[in-house]
Amino acid sequence: MIKYIEESAEFLQNRGFKNPEIGIILGTGLGKLVEKITIESEVSYNHIPNFPTATVEFHKGKLIYGTLSGKKVLIMQGRFHLYEGYSLVDITFPVRVMHQLGIKKLLVSNAAGALNPNYKKGEIMLIDDHINLQGSSPLAFKGVEKMGERFVDMSAPYDARMNQAISAIARKNNLTLHQGVYASVVGPQLETRAEYRYLRIIGADAVGMSTVPEVIVANHLNIPVSAISVLTDECDPNNLQPVNVQEIIATAMQTEADMITLFTQLISQL
């Protein structure tokens with residue numbers, strides 16, 4: 001894998017991806033942040049050696065390099081999921097490439113369902129902790145110790161200093177920002193009423209199908225990470241309505257402005 005990472009990084013360096021400071025992974029329906037960037041180079045995933053290819057129709061599948069809030073950033077516009085048939089190693093390969101290119105911080109966004117009854121769709125949640133329900137680990141492969149500590153400490157997977165800064169930015173801008181626990185499941189099916197009850201019982205405030213693998217690998221590589229969930233639907237098991245995926249994406253796009261405010265102002269402080 002080290003050889004593959006180096007090949008991918010060299011390919012990108014030759015196309016102008018030079019010394020990025022901050023990596024950003026954009027979730028479903030959350031691509032407008034790219035409009036704020038002074039783009040210097042971009043490459044489709046299917047042109048990058050060894051990269052997985054996005055298979056979900058509403059994921060763009062581009063790696064974008066440029067300047068945002070005075071910093072060099074590297075943005076994944078579209079990510080990979082277990083439900084697409086990828087392994088956790090495939091899903092997190094881009095994080096390792098971004099690390100090879102030099103990123104020092106990682107910001108992650110996702111669209112999630114609100115489990116906490118006090119959270120409403122159209123609001124945002126800063127992830128304080130997570131529950132991995134994807135059945136495995138992106139570190140569970142032979143030779144992982146050559147790339148970092150095998151037994152990675154996860155007592156504080158999300159960077160406290162960046163999270164505190166995000167909370168302060170939210171207060172300054174009068175934005176409603178919840179803070180809670182994100183549960184990551186396999187998908188692609190949405191949860192049953194019984195599964196929503198279970199997720200609440202074990203302490204989850206929101207549920208989605210991404211983010212945790214990337215955060216685990218960021219911790220493996222000692223990259224400070226913060227993540228924000230855009231809450232696109234309310235998962236009330238006692239009043240559950242059929243889910244419309246297009247409505248979820250529309251809600252994510254409507255709420256995205258708050259996430260962009262938090263990320264752009266945070267980046268200017270880093």
# chains A, B, ... in the order shown; residues from 1 in each chain; ligands from 1

call {"tool": "residues_around", "arguments": {"residues": "A:Glu123", "least_positions_apart": "4", "cutoff": "9 Å", "atoms": "only C-alpha atoms", "output": "VMD selection string"}}
result
chain A and resid 119 175 to 178 229 to 232 255 258

call {"tool": "select_by_dssp", "arguments": {"residues": "stretch 48-253 of chain A", "states": "helix (DSSP H, G or I)", "output": "ChimeraX atom specification"}}
result
/A:82-84,88-101,144-146,160-172,193-201,212-220,245-253

call {"tool": "residues_around", "arguments": {"residues": "A:Asn163", "least_positions_apart": "3", "cutoff": "8 Å", "atoms": "only C-alpha atoms", "output": "JSON, numbers by chain"}}
result
{"A": [126, 128, 158, 159, 160, 166, 167, 226]}

call {"tool": "write_last_selection", "arguments": {"atoms": "C-alpha atoms", "output": "PDB file, in the first residue's frame"}}
result
ATOM      1  CA  LEU A 126     -20.397  18.988  15.800  1.00  0.00           C
ATOM      2  CA  ASP A 128     -17.722  14.951  19.804  1.00  0.00           C
ATOM      3  CA  TYR A 158     -11.924  14.615  17.501  1.00  0.00           C
ATOM      4  CA  ASP A 159      -9.535  17.483  18.132  1.00  0.00           C
ATOM      5  CA  ALA A 160     -10.610  19.475  21.205  1.00  0.00           C
ATOM      6  CA  ILE A 166     -15.907  25.791  15.848  1.00  0.00           C
ATOM      7  CA  SER A 167     -18.212  26.219  18.853  1.00  0.00           C
ATOM      8  CA  SER A 226     -13.006  17.761  13.299  1.00  0.00           C
TER       9      SER A 226
END

call {"tool": "closest_residue", "arguments": {"among": "A:Thr264, A:Ser8, A:Ser44, A:Asn19", "to": "A:Lys104", "atoms": "only C-alpha atoms"}}
result
A:Asn19

call {"tool": "residues_around", "arguments": {"residues": "A:Gly208", "least_positions_apart": "4", "cutoff": "9 Å", "atoms": "only C-alpha atoms", "output": "VMD selection string"}}
result
chain A and resid 110 to 113 182 to 187 229

call {"tool": "write_last_selection", "arguments": {"atoms": "N, CA and C atoms", "output": "PDB file, in the first residue's frame"}}
result
ATOM      1  N   ASN A 110     -20.683  15.459   6.776  1.00  0.00           N
ATOM      2  CA  ASN A 110     -21.573  14.398   6.322  1.00  0.00           C
ATOM      3  C   ASN A 110     -23.022  14.828   6.479  1.00  0.00           C
ATOM      4  N   ALA A 111     -23.896  14.134   5.780  1.00  0.00           N
ATOM      5  CA  ALA A 111     -25.334  14.264   5.989  1.00  0.00           C
ATOM      6  C   ALA A 111     -25.749  13.117   6.907  1.00  0.00           C
ATOM      7  N   ALA A 112     -26.548  13.419   7.932  1.00  0.00           N
ATOM      8  CA  ALA A 112     -26.909  12.413   8.929  1.00  0.00           C
ATOM      9  C   ALA A 112     -28.358  12.573   9.355  1.00  0.00           C
ATOM     10  N   GLY A 113     -28.878  11.506   9.922  1.00  0.00           N
ATOM     11  CA  GLY A 113     -30.217  11.541  10.486  1.00  0.00           C
ATOM     12  C   GLY A 113     -30.154  11.884  11.962  1.00  0.00           C
ATOM     13  N   TYR A 182     -21.958  10.485  16.915  1.00  0.00           N
ATOM     14  CA  TYR A 182     -22.354  10.027  15.571  1.00  0.00           C
ATOM     15  C   TYR A 182     -22.153   8.518  15.477  1.00  0.00           C
ATOM     16  N   ALA A 183     -23.184   7.810  15.056  1.00  0.00           N
ATOM     17  CA  ALA A 183     -23.078   6.369  14.815  1.00  0.00           C
ATOM     18  C   ALA A 183     -22.952   6.124  13.322  1.00  0.00           C
ATOM     19  N   SER A 184     -21.966   5.325  12.950  1.00  0.00           N
ATOM     20  CA  SER A 184     -21.729   5.020  11.538  1.00  0.00           C
ATOM     21  C   SER A 184     -22.140   3.585  11.253  1.00  0.00           C
ATOM     22  N   VAL A 185     -23.097   3.414  10.327  1.00  0.00           N
ATOM     23  CA  VAL A 185     -23.603   2.105   9.942  1.00  0.00           C
ATOM     24  C   VAL A 185     -23.196   1.816   8.494  1.00  0.00           C
ATOM     25  N   VAL A 186     -23.475   0.602   8.053  1.00  0.00           N
ATOM     26  CA  VAL A 186     -23.056   0.204   6.710  1.00  0.00           C
ATOM     27  C   VAL A 186     -23.961   0.805   5.633  1.00  0.00           C
ATOM     28  N   GLY A 187     -25.308   0.694   5.804  1.00  0.00           N
ATOM     29  CA  GLY A 187     -26.226   1.098   4.744  1.00  0.00           C
ATOM     30  C   GLY A 187     -26.186   0.099   3.590  1.00  0.00           C
ATOM     31  N   SER A 229     -21.884  17.110  11.197  1.00  0.00           N
ATOM     32  CA  SER A 229     -23.020  16.452  10.559  1.00  0.00           C
ATOM     33  C   SER A 229     -24.091  17.488  10.242  1.00  0.00           C
TER      34      SER A 229
END

call {"tool": "closest_residue", "arguments": {"among": "A:Gly23, A:Pro49, A:Gly148, A:Pro117", "to": "A:Ala206", "atoms": "only C-alpha atoms"}}
result
A:Pro117

call {"tool": "residues_around", "arguments": {"residues": "A:Ala156", "least_positions_apart": "3", "cutoff": "12 Å", "atoms": "only C-alpha atoms", "output": "PyMOL selection string"}}
result
chain A and resi 127-130+152-153+159-161+163+215-216+219+222+224-226

call {"tool": "write_last_selection", "arguments": {"atoms": "N, CA and C atoms", "output": "tab-separated table (two decimals), in the first residue's frame"}}
result
chain	number	residue	atom	x	y	z
A	127	ILE	N	-19.42	16.76	15.81
A	127	ILE	CA	-19.23	15.42	16.36
A	127	ILE	C	-18.18	15.45	17.47
A	128	ASP	N	-18.60	15.00	18.64
A	128	ASP	CA	-17.72	14.95	19.80
A	128	ASP	C	-17.14	13.56	20.00
A	129	ASP	N	-17.88	12.54	19.54
A	129	ASP	CA	-17.45	11.15	19.69
A	129	ASP	C	-18.24	10.33	18.68
A	130	HIS	N	-17.85	9.08	18.48
A	130	HIS	CA	-18.58	8.26	17.53
A	130	HIS	C	-18.69	6.81	17.99
A	152	VAL	N	-4.32	2.07	17.94
A	152	VAL	CA	-4.49	3.52	18.00
A	152	VAL	C	-5.43	3.90	19.14
A	153	ASP	N	-4.99	4.85	19.95
A	153	ASP	CA	-5.84	5.37	21.02
A	153	ASP	C	-6.98	6.18	20.42
A	159	ASP	N	-10.47	16.54	17.53
A	159	ASP	CA	-9.54	17.48	18.13
A	159	ASP	C	-10.26	18.52	18.99
A	160	ALA	N	-9.92	18.59	20.26
A	160	ALA	CA	-10.61	19.47	21.21
A	160	ALA	C	-10.42	20.93	20.84
A	161	ARG	N	-9.22	21.33	20.43
A	161	ARG	CA	-8.96	22.74	20.13
A	161	ARG	C	-9.77	23.20	18.91
A	163	ASN	N	-12.54	21.79	17.80
A	163	ASN	CA	-13.96	21.75	18.17
A	163	ASN	C	-14.34	22.98	19.00
A	215	VAL	N	-11.92	9.11	10.08
A	215	VAL	CA	-11.46	9.64	11.37
A	215	VAL	C	-10.50	8.67	12.04
A	216	ILE	N	-10.78	7.39	11.95
A	216	ILE	CA	-9.88	6.39	12.53
A	216	ILE	C	-8.50	6.49	11.88
A	219	ASN	N	-6.56	9.55	12.93
A	219	ASN	CA	-5.94	9.33	14.23
A	219	ASN	C	-4.72	8.42	14.11
A	222	ASN	N	-1.99	10.56	13.09
A	222	ASN	CA	-1.79	11.72	13.99
A	222	ASN	C	-2.18	13.04	13.32
A	224	PRO	N	-4.91	15.88	13.37
A	224	PRO	CA	-6.07	16.40	14.11
A	224	PRO	C	-7.28	16.53	13.19
A	225	VAL	N	-8.45	16.11	13.67
A	225	VAL	CA	-9.64	16.07	12.81
A	225	VAL	C	-10.85	16.63	13.56
A	226	SER	N	-11.69	17.35	12.83
A	226	SER	CA	-13.01	17.76	13.30
A	226	SER	C	-14.03	17.39	12.24

call {"tool": "atom_distance", "arguments": {"atom1": "atom CA of A:Ile91", "atom2": "atom CA of A:Gly27"}}
result
13.2 Å

call {"tool": "closest_residue", "arguments": {"among": "A:Val217, A:Ala227, A:Leu12, A:Leu199", "to": "A:Leu26", "atoms": "only C-alpha atoms"}}
result
A:Ala227

call {"tool": "select_by_dssp", "arguments": {"residues": "stretch 136-199 of chain A", "states": "strand (DSSP E)", "output": "VMD selection string"}}
result
chain A and resid 177 to 184

call {"tool": "write_last_selection", "arguments": {"atoms": "N, CA and C atoms", "output": "mmCIF file, in the first residue's frame"}}
result
data_model
loop_
_atom_site.group_PDB
_atom_site.id
_atom_site.type_symbol
_atom_site.label_atom_id
_atom_site.label_comp_id
_atom_site.auth_asym_id
_atom_site.auth_seq_id
_atom_site.Cartn_x
_atom_site.Cartn_y
_atom_site.Cartn_z
ATOM 1 N N LEU A 177 -25.693 25.092 16.942
ATOM 2 C CA LEU A 177 -24.724 24.007 16.751
ATOM 3 C C LEU A 177 -24.851 23.029 17.909
ATOM 4 N N HIS A 178 -25.371 21.864 17.617
ATOM 5 C CA HIS A 178 -25.422 20.807 18.617
ATOM 6 C C HIS A 178 -24.055 20.143 18.698
ATOM 7 N N GLN A 179 -23.835 19.409 19.748
ATOM 8 C CA GLN A 179 -22.611 18.623 19.894
ATOM 9 C C GLN A 179 -23.008 17.246 20.387
ATOM 10 N N GLY A 180 -22.564 16.201 19.683
ATOM 11 C CA GLY A 180 -23.031 14.882 20.075
ATOM 12 C C GLY A 180 -22.261 13.736 19.460
ATOM 13 N N VAL A 181 -22.868 12.557 19.569
ATOM 14 C CA VAL A 181 -22.254 11.290 19.168
ATOM 15 C C VAL A 181 -22.845 10.836 17.834
ATOM 16 N N TYR A 182 -21.958 10.485 16.915
ATOM 17 C CA TYR A 182 -22.354 10.027 15.571
ATOM 18 C C TYR A 182 -22.153 8.518 15.477
ATOM 19 N N ALA A 183 -23.184 7.810 15.056
ATOM 20 C CA ALA A 183 -23.078 6.369 14.815
ATOM 21 C C ALA A 183 -22.952 6.124 13.322
ATOM 22 N N SER A 184 -21.966 5.325 12.950
ATOM 23 C CA SER A 184 -21.729 5.020 11.538
ATOM 24 C C SER A 184 -22.140 3.585 11.253
#

call {"tool": "closest_residue", "arguments": {"among": "A:Ile267, A:Leu74, A:Val207, A:Met253", "to": "A:Lys18", "atoms": "only C-alpha atoms"}}
result
A:Leu74

call {"tool": "residues_around", "arguments": {"residues": "A:Ile169", "least_positions_apart": "4", "cutoff": "9 Å", "atoms": "only C-alpha atoms", "output": "ChimeraX atom specification"}}
result
/A:164-165,173-175,261-262,265-266

call {"tool": "write_last_selection", "arguments": {"atoms": "N, CA and C atoms", "output": "mmCIF file, in the first residue's frame"}}
result
data_model
loop_
_atom_site.group_PDB
_atom_site.id
_atom_site.type_symbol
_atom_site.label_atom_id
_atom_site.label_comp_id
_atom_site.auth_asym_id
_atom_site.auth_seq_id
_atom_site.Cartn_x
_atom_site.Cartn_y
_atom_site.Cartn_z
ATOM 1 N N GLN A 164 -13.468 23.386 19.913
ATOM 2 C CA GLN A 164 -13.742 24.583 20.704
ATOM 3 C C GLN A 164 -13.808 25.822 19.815
ATOM 4 N N ALA A 165 -12.920 25.885 18.840
ATOM 5 C CA ALA A 165 -12.923 27.021 17.907
ATOM 6 C C ALA A 165 -14.208 27.036 17.079
ATOM 7 N N ASN A 173 -21.642 33.751 15.305
ATOM 8 C CA ASN A 173 -22.509 33.922 14.144
ATOM 9 C C ASN A 173 -23.969 33.565 14.433
ATOM 10 N N ASN A 174 -24.274 33.340 15.719
ATOM 11 C CA ASN A 174 -25.642 33.001 16.134
ATOM 12 C C ASN A 174 -26.201 31.780 15.398
ATOM 13 N N LEU A 175 -25.346 30.774 15.240
ATOM 14 C CA LEU A 175 -25.751 29.532 14.592
ATOM 15 C C LEU A 175 -26.075 28.474 15.645
ATOM 16 N N THR A 261 -19.861 28.415 6.709
ATOM 17 C CA THR A 261 -19.447 29.490 7.617
ATOM 18 C C THR A 261 -18.479 28.963 8.665
ATOM 19 N N LEU A 262 -18.814 27.844 9.270
ATOM 20 C CA LEU A 262 -17.960 27.276 10.318
ATOM 21 C C LEU A 262 -16.605 26.866 9.773
ATOM 22 N N GLN A 265 -14.387 30.028 8.429
ATOM 23 C CA GLN A 265 -13.847 30.849 9.530
ATOM 24 C C GLN A 265 -12.848 30.081 10.385
ATOM 25 N N LEU A 266 -13.080 28.781 10.534
ATOM 26 C CA LEU A 266 -12.102 27.959 11.256
ATOM 27 C C LEU A 266 -10.772 27.938 10.509
#

call {"tool": "closest_residue", "arguments": {"among": "A:Thr92, A:Lys36, A:Gln134, A:Glu256", "to": "A:Gly122", "atoms": "only C-alpha atoms"}}
result
A:Glu256

call {"tool": "closest_residue", "arguments": {"among": "A:Pro138, A:Gly66, A:Gly31, A:Pro157", "to": "A:Tyr86", "atoms": "only C-alpha atoms"}}
result
A:Pro138

call {"tool": "atom_distance", "arguments": {"atom1": "atom CA of A:Asn132", "atom2": "atom CA of A:Pro94"}}
result
19.6 Å
